[in-house]
Structure formats: structure tokens, C-alpha cells
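Asks: Please find one structure pasted underneath; my questions will follow.
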Amino acid sequence: MRVAALMAALLAATVLAVPAGRAAERAVDPLGSPRWEDMARSLLAGEAYVFDSRVKVEAPDLAENPMLVPVTVDATALPDVKEVVVFADFNPILEILRFHPEATSAYLGFRVKLQQSTPLRAAARTADGVWHVGGTLVNTAGGGCTAPSVGSTSTEWQKRLNEVTARAWSEGPMSGRVRLRIIHPMDTGLIAGIPAFHLEALTLRDEAGTSLMRLEISQPVSENPVFTLYRGQRGGALQAAGRDNNGNTFDVRIAP
């Protein structure tokens with residue numbers, strides 16, 4: 001009887017970890033991936049999650065260039081997002097990036113490398129500790145993670161390494177958005193003779209020093225990363241600071 005009571009208590013705790021009305025939704029992966037349970041254990045640390053259409057992942061159905069697949073993650077419909085992790089089920093390096101929208105919306109555009117056709121997902125953790133998972137299927141000929149970067153075959157990138165350029169929009173349909181480009185080869189380390197060499201951290205602050213967004217970046221982000229975020233109507237300059245896995249750093253002011 002004691003064992004039965006203990007099992008009942010554990011089951012109740014598991015159900016309560018998922019928001020009401022969503023326990024049944026949790027069981028079925030809408031993208032039908034055989035790797036989903038592995039993804040949940042390794043990238044969500046076994047924590048409570050729900051599949052949620054409010055987390056939107058936009059990417060082409062057919063990606064012609066597997067080294068430059070454009071992706072937009074939009075979790076702005078969720079309240080109080082603390083962290084977003086983006087990953088691909090069938091990439092050799094699963095995690096693509098994480099971002100923490102500290103004083104911006106939970107919105108980020110970027111480009112990724114895909115090794116083969118795969119579910120591409122984003123999981124947004126809200127203040128209650130629950131992960132909200134959205135995703136899409138991307139078909140591609142593949143090979144994006146095991147093809148050498150253009151920068152690795154040229155000495156030019158050494159002169160411009162971690163050079164940052166940016167553009168901000170204050171009006172029109174892109175109003176409130178900022179786009180950053182950082183020169184970096186983003187080598188995955190999966191090619192013989194070319195070690196892993198990639199950006200691993202980026203922080204954006206406003207003129208007052210307030211952190212707008214923090215990013216943790218992994219190898220599958222495309223060469224010369226381009227990031228688009230929404231900072232709303234905050235004006236003024238931006239400060240972009242980051243580092244790569246070889247200890248190279250940058251800290252630049254981006255004029256308005």
C-alpha cells in the first residue's frame with residue numbers, strides 16, 4: 001500500500017508540472033520525430049514542456065543552401081519568456097543557440113547550417129518553469145555542417161574577425177528592429193584539419209547599460225552570423241560585446 005501511495009503521489013506531481021488542459025498535448029510530437037524524447041531529455045533537462053502554437057518557427061520548407069537557412073523564432077505571444085533554445089533533431093550538433101530576451105521581445109532572426117532534412121524547433125521557458133515548444137520541418141539536400149566555410153579558405157577574415165556592422169529601423173514595417181552582422185567563419189569542427197572556431201556569446205545593451213538580450217551561440221549558426229531582434233521604440237546607440245571559443249573578444253558601440 002505504501003508503494004502504491006508513493007506512485008500515486010509521483011504521478012500527481014508529474015501531471016501538476018504541466019499547465020492544466022495541456023497534459024494530453026504533451027504526449028504527441030506534432031512533427032512526428034523519433035528523436036523527440038531524446039531532445040526533451042538532453043536539451044530541456046527533463047523539465048515540464050508543452051507543444052504550443054504560440055511559439056512560431058519560420059523557415060523555408062525546402063532549403064536550397066544548407067549552409068544558409070534563414071530562421072525566425074517568434075515567442076512574443078507568450079508572457080514573461082526567460083529563455084529560448086533553438087535546436088535541430090537530426091543535426092550532428094543539436095543545439096543551435098539560446099537567447100535570453102531580458103529587455104526585448106522574445107523574437108530573433110538568424111541563419112543556420114543543417115546537415116540533413118530535420119525538424120527545426122524552438123523551446124521557450126516562461127517564468128513558471130515550463131518549456132513551450134514550437135517547430136517546423138525543413139527539407140534540404142544537406143551537408144551544411146560538414147562543408148568548409150568560405151572564411152576558412154581565405155586570409156581576409158583574419159583582418160576582419162569579429163567586425164560588427166548594424167542597421168536599425170525607426171519607421172516603416174521594420175520599425176523597432178535591429179540587424180547585426182559579425183564577421184566570423186563559424187567552423188563546426190566536423191571537417192578534418194579544421195578545428196571548431198565559433199562565436200559562443202553575444203550581449204546587446206542600450207546606452208544606459210541595460211542588457212537587452214544575451215545569446216549563447218553554437219557551431220550550427222551560419223558563417224558571418226546575422227541576427228535580427230526587436231528592441232521596440234528604445235532609441236539611442238547599442239553596445240555589442242561578445243567572444244568566441246578561442247578567447248577573441250569584441251566590444252563595440254553601434255551608433256543610432
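Residues in the C-alpha cells are numbered from 1 in each chain, the chains being A, B, ... in the order shown, and ligands are numbered from 1 in the order shown.
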Name all residues at most 8 Å from Val69 of chain A (count only C-alpha atoms; drop same-chain ones fewer than 5 positions away) and give them as an NGL selection string.
Replies: :A and (59-60 or 63 or 111-114)
Asks: Could you pull the residues within 9 Å of Leu31 of chain A, counting only C-alpha atoms, minus those fewer than 2 positions along the same chain, as a list in words?
Replies: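 Contacts, in chain order: Val28, Asp29, Ser33, Trp36, Pro119, Gly135, Thr136 and Leu137 of chain A.
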Asks: Please produce a file of the residues just selected, as a CSV table (one decimal), in the first residue's frame, where the atoms kept are C-alpha atoms.
Replies:
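Okay, this is what ended up in selection-v3.csv:
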chain,number,residue,atom,x,y,z
A,28,VAL,CA,2.3,13.6,-29.0
A,29,ASP,CA,5.1,15.3,-31.1
A,33,SER,CA,10.2,12.8,-34.9
A,36,TRP,CA,11.8,13.9,-29.7
A,119,PRO,CA,12.6,19.2,-37.5
A,135,GLY,CA,8.8,23.9,-34.7
A,136,THR,CA,8.7,23.2,-38.4
A,137,LEU,CA,10.1,20.7,-40.8
Asks: Find the residues around Thr203 of chain A up to 7 Å (only C-alpha atoms counted), leave out those fewer than 5 positions away in its own chain, and share them as a list in words.
Replies: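 Those residues are Met213, Arg214, Leu215, Ala240, Ala241 and Gly242 of chain A.
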Asks: Restricting the calculation to only C-alpha atoms, which member of A:Leu229, A:Ala45, A:Ala88, A:Leu94 is positioned closest to Gly134 of chain A?
Replies: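 Counting only C-alpha atoms, the residue closest to Gly134 of chain A is A:Ala88.
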Asks: Could you check which of A:Arg121, A:Arg243, A:His132, A:Lys56 is closest to Val86 of chain A, using only C-alpha atoms?
Replies: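 Going through A:Arg121, A:Arg243, A:His132, A:Lys56 one by one, the smallest distance to Val86 of chain A is for A:Arg121.
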Asks: Residues of segment 49-214 of chain A in helix (DSSP H, G or I) according to DSSP, as a list in words?
Replies: Gly151, Ser152, Thr153, Glu156, Trp157, Gln158, Lys159 and Arg160 of chain A
Asks: Would you write out those residues with all heavy atoms, as a compact mmCIF listing (two decimals), in the first residue's frame?
Replies:
# COMPACT_ATOMS: atom_id res chain seq x y z
N GLY A 151 35.31 31.45 -45.21
CA GLY A 151 36.37 32.12 -44.47
C GLY A 151 37.58 31.24 -44.20
O GLY A 151 38.70 31.73 -44.14
N SER A 152 37.35 29.92 -44.05
CA SER A 152 38.47 29.03 -43.73
C SER A 152 39.44 28.88 -44.89
O SER A 152 40.56 28.42 -44.71
CB SER A 152 37.94 27.65 -43.32
OG SER A 152 37.30 27.01 -44.42
N THR A 153 39.04 29.27 -46.09
CA THR A 153 39.91 29.16 -47.25
C THR A 153 40.53 30.51 -47.63
O THR A 153 41.18 30.61 -48.66
CB THR A 153 39.13 28.61 -48.45
OG1 THR A 153 38.06 29.51 -48.78
CG2 THR A 153 38.54 27.24 -48.14
N GLU A 156 41.51 36.75 -45.55
CA GLU A 156 40.86 38.03 -45.37
C GLU A 156 40.10 38.11 -44.05
O GLU A 156 40.08 39.16 -43.39
CB GLU A 156 39.91 38.30 -46.54
CG GLU A 156 39.21 39.66 -46.50
CD GLU A 156 40.17 40.84 -46.59
OE1 GLU A 156 41.29 40.67 -47.12
OE2 GLU A 156 39.78 41.93 -46.13
N TRP A 157 39.47 36.99 -43.64
CA TRP A 157 38.67 37.03 -42.42
C TRP A 157 39.53 37.35 -41.19
O TRP A 157 39.04 37.90 -40.21
CB TRP A 157 37.92 35.72 -42.22
CG TRP A 157 38.79 34.51 -41.93
CD1 TRP A 157 39.24 33.61 -42.83
CD2 TRP A 157 39.31 34.11 -40.66
NE1 TRP A 157 40.02 32.66 -42.21
CE2 TRP A 157 40.07 32.94 -40.88
CE3 TRP A 157 39.20 34.60 -39.36
CZ2 TRP A 157 40.73 32.28 -39.84
CZ3 TRP A 157 39.86 33.93 -38.33
CH2 TRP A 157 40.61 32.79 -38.58
N GLN A 158 40.83 37.02 -41.24
CA GLN A 158 41.70 37.29 -40.09
C GLN A 158 41.81 38.80 -39.83
O GLN A 158 41.96 39.22 -38.69
CB GLN A 158 43.07 36.68 -40.32
CG GLN A 158 43.04 35.17 -40.45
CD GLN A 158 44.42 34.59 -40.72
OE1 GLN A 158 45.42 35.16 -40.33
NE2 GLN A 158 44.47 33.45 -41.39
N LYS A 159 41.77 39.60 -40.90
CA LYS A 159 41.84 41.05 -40.76
C LYS A 159 40.54 41.64 -40.24
O LYS A 159 40.53 42.70 -39.61
CB LYS A 159 42.20 41.69 -42.10
CG LYS A 159 43.49 41.18 -42.72
CD LYS A 159 43.67 41.77 -44.12
CE LYS A 159 44.90 41.20 -44.81
NZ LYS A 159 45.05 41.69 -46.20
N ARG A 160 39.42 40.94 -40.50
CA ARG A 160 38.12 41.50 -40.16
C ARG A 160 37.40 40.69 -39.08
O ARG A 160 36.22 40.92 -38.82
CB ARG A 160 37.25 41.54 -41.42
CG ARG A 160 37.83 42.36 -42.55
CD ARG A 160 36.91 42.34 -43.76
NE ARG A 160 35.60 42.89 -43.45
CZ ARG A 160 34.52 42.72 -44.20
NH1 ARG A 160 34.58 41.99 -45.30
NH2 ARG A 160 33.37 43.26 -43.86
Asks: For a quick check of understanding, using only C-alpha atoms, which of A:Val85, A:Arg41, A:Glu163, A:Ser170 has the smallest distance to Phe99 of chain A?
Replies: A:Val85
Asks: Find, counting only C-alpha atoms, the residue in A:Leu180, A:Met39, A:Val73, A:Leu68 that gets nearest to Glu223 of chain A.
Replies: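 Of all the options, A:Leu68 lies closest to Glu223 of chain A.
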Asks: To one decimal place, how far is atom CA of Leu204 of chain A from atom CA of Arg125 of chain A in Å?
Replies: 20.3 Å
Asks: Near Glu102 of chain A, counting only C-alpha atoms, which residues have an atom at most 6 Å away, once you skip same-chain residues fewer than 2 positions from it, shown as number ranges by chain?
Replies: A: 100, 104, 212-213
Asks: If we count only C-alpha atoms and set the cut-off at 12 Å, which residues sit around Pro185 of chain A, ignoring sequence neighbours fewer than 4 positions away in its own chain? Please answer as a PDB file with C-alpha atoms, in the first residue's frame.
Replies:
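The resulting around03.pdb:
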ATOM      1  CA  MET A  67      24.749  26.378 -45.023  1.00  0.00           C
ATOM      2  CA  ALA A 147      31.184  21.757 -45.558  1.00  0.00           C
ATOM      3  CA  PRO A 148      34.124  24.154 -45.036  1.00  0.00           C
ATOM      4  CA  SER A 149      33.298  27.809 -44.530  1.00  0.00           C
ATOM      5  CA  VAL A 150      34.323  30.326 -47.153  1.00  0.00           C
ATOM      6  CA  GLY A 151      36.370  32.124 -44.471  1.00  0.00           C
ATOM      7  CA  SER A 152      38.467  29.033 -43.734  1.00  0.00           C
ATOM      8  CA  THR A 153      39.911  29.163 -47.253  1.00  0.00           C
ATOM      9  CA  SER A 154      40.829  32.859 -47.128  1.00  0.00           C
ATOM     10  CA  THR A 155      43.161  35.008 -45.037  1.00  0.00           C
ATOM     11  CA  GLU A 156      40.859  38.034 -45.371  1.00  0.00           C
ATOM     12  CA  TRP A 157      38.666  37.030 -42.418  1.00  0.00           C
ATOM     13  CA  GLN A 158      41.698  37.294 -40.093  1.00  0.00           C
ATOM     14  CA  ARG A 160      38.116  41.496 -40.157  1.00  0.00           C
ATOM     15  CA  LEU A 161      37.479  38.893 -37.438  1.00  0.00           C
ATOM     16  CA  ASN A 162      34.634  39.986 -35.119  1.00  0.00           C
ATOM     17  CA  GLU A 163      33.955  43.112 -37.151  1.00  0.00           C
ATOM     18  CA  GLY A 189      34.982  21.253 -36.081  1.00  0.00           C
ATOM     19  CA  ILE A 194      39.687  22.460 -39.404  1.00  0.00           C
ATOM     20  CA  PRO A 195      39.100  22.782 -35.642  1.00  0.00           C
ATOM     21  CA  ALA A 196      35.930  24.200 -34.126  1.00  0.00           C
ATOM     22  CA  PHE A 197      36.100  28.003 -34.186  1.00  0.00           C
ATOM     23  CA  HIS A 198      32.879  29.849 -33.486  1.00  0.00           C
ATOM     24  CA  LEU A 199      31.225  32.671 -31.597  1.00  0.00           C
ATOM     25  CA  GLN A 219      28.600  25.951 -34.200  1.00  0.00           C
ATOM     26  CA  PRO A 220      25.497  25.417 -36.399  1.00  0.00           C
ATOM     27  CA  VAL A 221      24.896  29.170 -36.682  1.00  0.00           C
ATOM     28  CA  SER A 222      25.912  30.189 -40.204  1.00  0.00           C
ATOM     29  CA  GLU A 223      29.189  31.837 -41.161  1.00  0.00           C
ATOM     30  CA  ASN A 224      29.278  35.615 -40.629  1.00  0.00           C
ATOM     31  CA  PRO A 225      26.212  35.489 -38.357  1.00  0.00           C
ATOM     32  CA  ASP A 244      34.464  33.241 -29.480  1.00  0.00           C
TER      33      ASP A 244
END
Asks: Using only C-alpha atoms, which protein or nucleic acid residues come within 9 Å of Pro256 of chain A? Drop anything in the same chain fewer than 5 positions from it, and give the result as a list in words.
Replies: Arg167, Ala168, Gly235, Gly236, Ala237 and Leu238 of chain A
Asks: With only C-alpha atoms as the atoms that count, which of A:Val50, A:Ala75, A:Gly232, A:Ser105 lies nearest to Glu171 of chain A?
Replies: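 So, comparing all the options, the nearest one is A:Gly232.
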Asks: Near Pro66 of chain A, within 9 Å and counting only C-alpha atoms, which residues show up once chain neighbours fewer than 5 positions away are dropped, as number ranges by chain?
Replies: A: 112-116, 140-145
Asks: Considering only C-alpha atoms, can you say which of A:Pro92, A:Arg231, A:Pro101, A:Thr126 comes closest to Leu190 of chain A?
Replies: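 Nearest candidate to Leu190 of chain A out of A:Pro92, A:Arg231, A:Pro101, A:Thr126: A:Pro92.
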Asks: Using the chain letters and numbers from this document, which residues of segment 19-243 of chain A does DSSP assign to strand (DSSP E or B), as a short mmCIF file (atom, residue, chain, number, x, y, z; two decimals) with C-alpha atoms, in the first residue's frame?
Replies:
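Ended up saving to result-v6.cif:
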data_model
loop_
_atom_site.label_atom_id
_atom_site.label_comp_id
_atom_site.auth_asym_id
_atom_site.auth_seq_id
_atom_site.Cartn_x
_atom_site.Cartn_y
_atom_site.Cartn_z
CA TYR A 49 7.01 21.07 -21.52
CA VAL A 50 4.02 21.55 -23.80
CA PHE A 51 3.74 21.83 -27.56
CA LYS A 56 6.48 30.17 -34.10
CA VAL A 57 9.49 28.90 -36.04
CA GLU A 58 9.60 30.23 -39.60
CA LEU A 62 12.86 23.49 -48.89
CA ALA A 63 16.29 24.96 -48.10
CA VAL A 69 18.98 28.50 -43.87
CA PRO A 70 17.05 31.59 -42.70
CA VAL A 71 15.12 31.12 -39.46
CA THR A 72 12.88 33.40 -37.42
CA VAL A 73 11.77 32.48 -33.90
CA ASP A 74 8.81 34.41 -32.53
CA VAL A 81 9.76 34.46 -21.55
CA LYS A 82 13.05 33.91 -19.74
CA GLU A 83 14.99 31.77 -22.23
CA VAL A 84 14.63 30.30 -25.71
CA VAL A 85 16.65 27.35 -27.02
CA VAL A 86 16.73 26.53 -30.75
CA PHE A 87 17.73 23.06 -31.96
CA ALA A 88 17.54 20.62 -34.87
CA GLU A 95 21.79 22.94 -30.13
CA ILE A 96 21.97 25.96 -32.44
CA LEU A 97 21.69 28.79 -29.95
CA ARG A 98 19.98 30.06 -26.82
CA PHE A 99 18.80 33.60 -26.22
CA HIS A 100 17.58 35.43 -23.15
CA PRO A 101 15.24 38.36 -24.00
CA TYR A 107 11.99 37.41 -31.16
CA LEU A 108 15.15 36.58 -33.10
CA GLY A 109 16.07 36.06 -36.74
CA PHE A 110 19.29 34.33 -37.83
CA ARG A 111 20.69 31.72 -40.26
CA VAL A 112 21.71 28.13 -39.58
CA THR A 118 15.11 17.80 -39.94
CA PRO A 119 12.56 19.18 -37.52
CA LEU A 120 13.77 22.64 -36.51
CA ARG A 121 12.47 23.68 -33.11
CA ALA A 122 12.39 26.43 -30.52
CA ALA A 123 11.50 25.94 -26.87
CA ALA A 124 10.66 29.00 -24.77
CA ARG A 125 10.83 28.77 -20.98
CA THR A 126 8.37 31.01 -19.17
CA TRP A 131 9.01 24.97 -21.78
CA HIS A 132 6.68 25.86 -24.68
CA VAL A 133 7.79 24.07 -27.85
CA GLY A 134 7.13 25.02 -31.46
CA GLY A 135 8.78 23.95 -34.70
CA THR A 136 8.69 23.24 -38.39
CA LEU A 137 10.07 20.70 -40.84
CA VAL A 138 12.87 21.78 -43.18
CA ASN A 139 13.87 19.68 -46.19
CA THR A 140 17.38 20.08 -47.58
CA VAL A 164 30.39 44.23 -36.35
CA THR A 165 28.08 46.14 -38.65
CA ALA A 166 24.48 47.04 -37.85
CA ARG A 167 21.33 48.67 -39.11
CA ALA A 168 18.33 49.92 -37.14
CA ARG A 177 14.14 46.19 -35.37
CA VAL A 178 17.93 45.96 -35.26
CA ARG A 179 20.09 43.78 -37.50
CA LEU A 180 23.70 42.89 -36.64
CA ARG A 181 26.32 41.15 -38.77
CA ILE A 182 29.52 39.76 -37.25
CA ASP A 187 33.70 26.42 -38.23
CA ILE A 191 35.81 18.80 -41.03
CA ILE A 194 39.69 22.46 -39.40
CA PHE A 197 36.10 28.00 -34.19
CA LEU A 199 31.23 32.67 -31.60
CA GLU A 200 29.88 31.50 -28.25
CA ALA A 201 28.48 34.60 -26.54
CA LEU A 202 26.93 37.93 -27.51
CA THR A 203 25.32 40.58 -25.28
CA LEU A 204 23.46 43.64 -26.51
CA ARG A 205 22.96 46.65 -24.23
CA ASP A 206 21.41 50.07 -24.63
CA SER A 211 21.06 44.32 -21.09
CA LEU A 212 18.59 43.90 -23.95
CA MET A 213 19.41 40.32 -24.97
CA ARG A 214 22.04 37.68 -24.24
CA LEU A 215 22.86 34.94 -26.74
CA GLU A 216 24.71 31.65 -26.28
CA ILE A 217 25.83 30.63 -29.77
CA VAL A 221 24.90 29.17 -36.68
CA VAL A 226 23.36 37.90 -38.92
CA PHE A 227 20.97 38.49 -36.01
CA THR A 228 17.71 40.44 -36.19
CA LEU A 229 15.95 41.40 -32.97
CA TYR A 230 13.14 43.70 -31.93
CA LEU A 238 23.69 49.97 -28.83
CA GLN A 239 26.68 48.25 -27.26
CA ALA A 240 27.53 44.80 -28.65
CA ALA A 241 30.02 42.66 -26.73
CA GLY A 242 30.99 39.08 -27.40
CA ARG A 243 33.64 36.39 -27.57
#
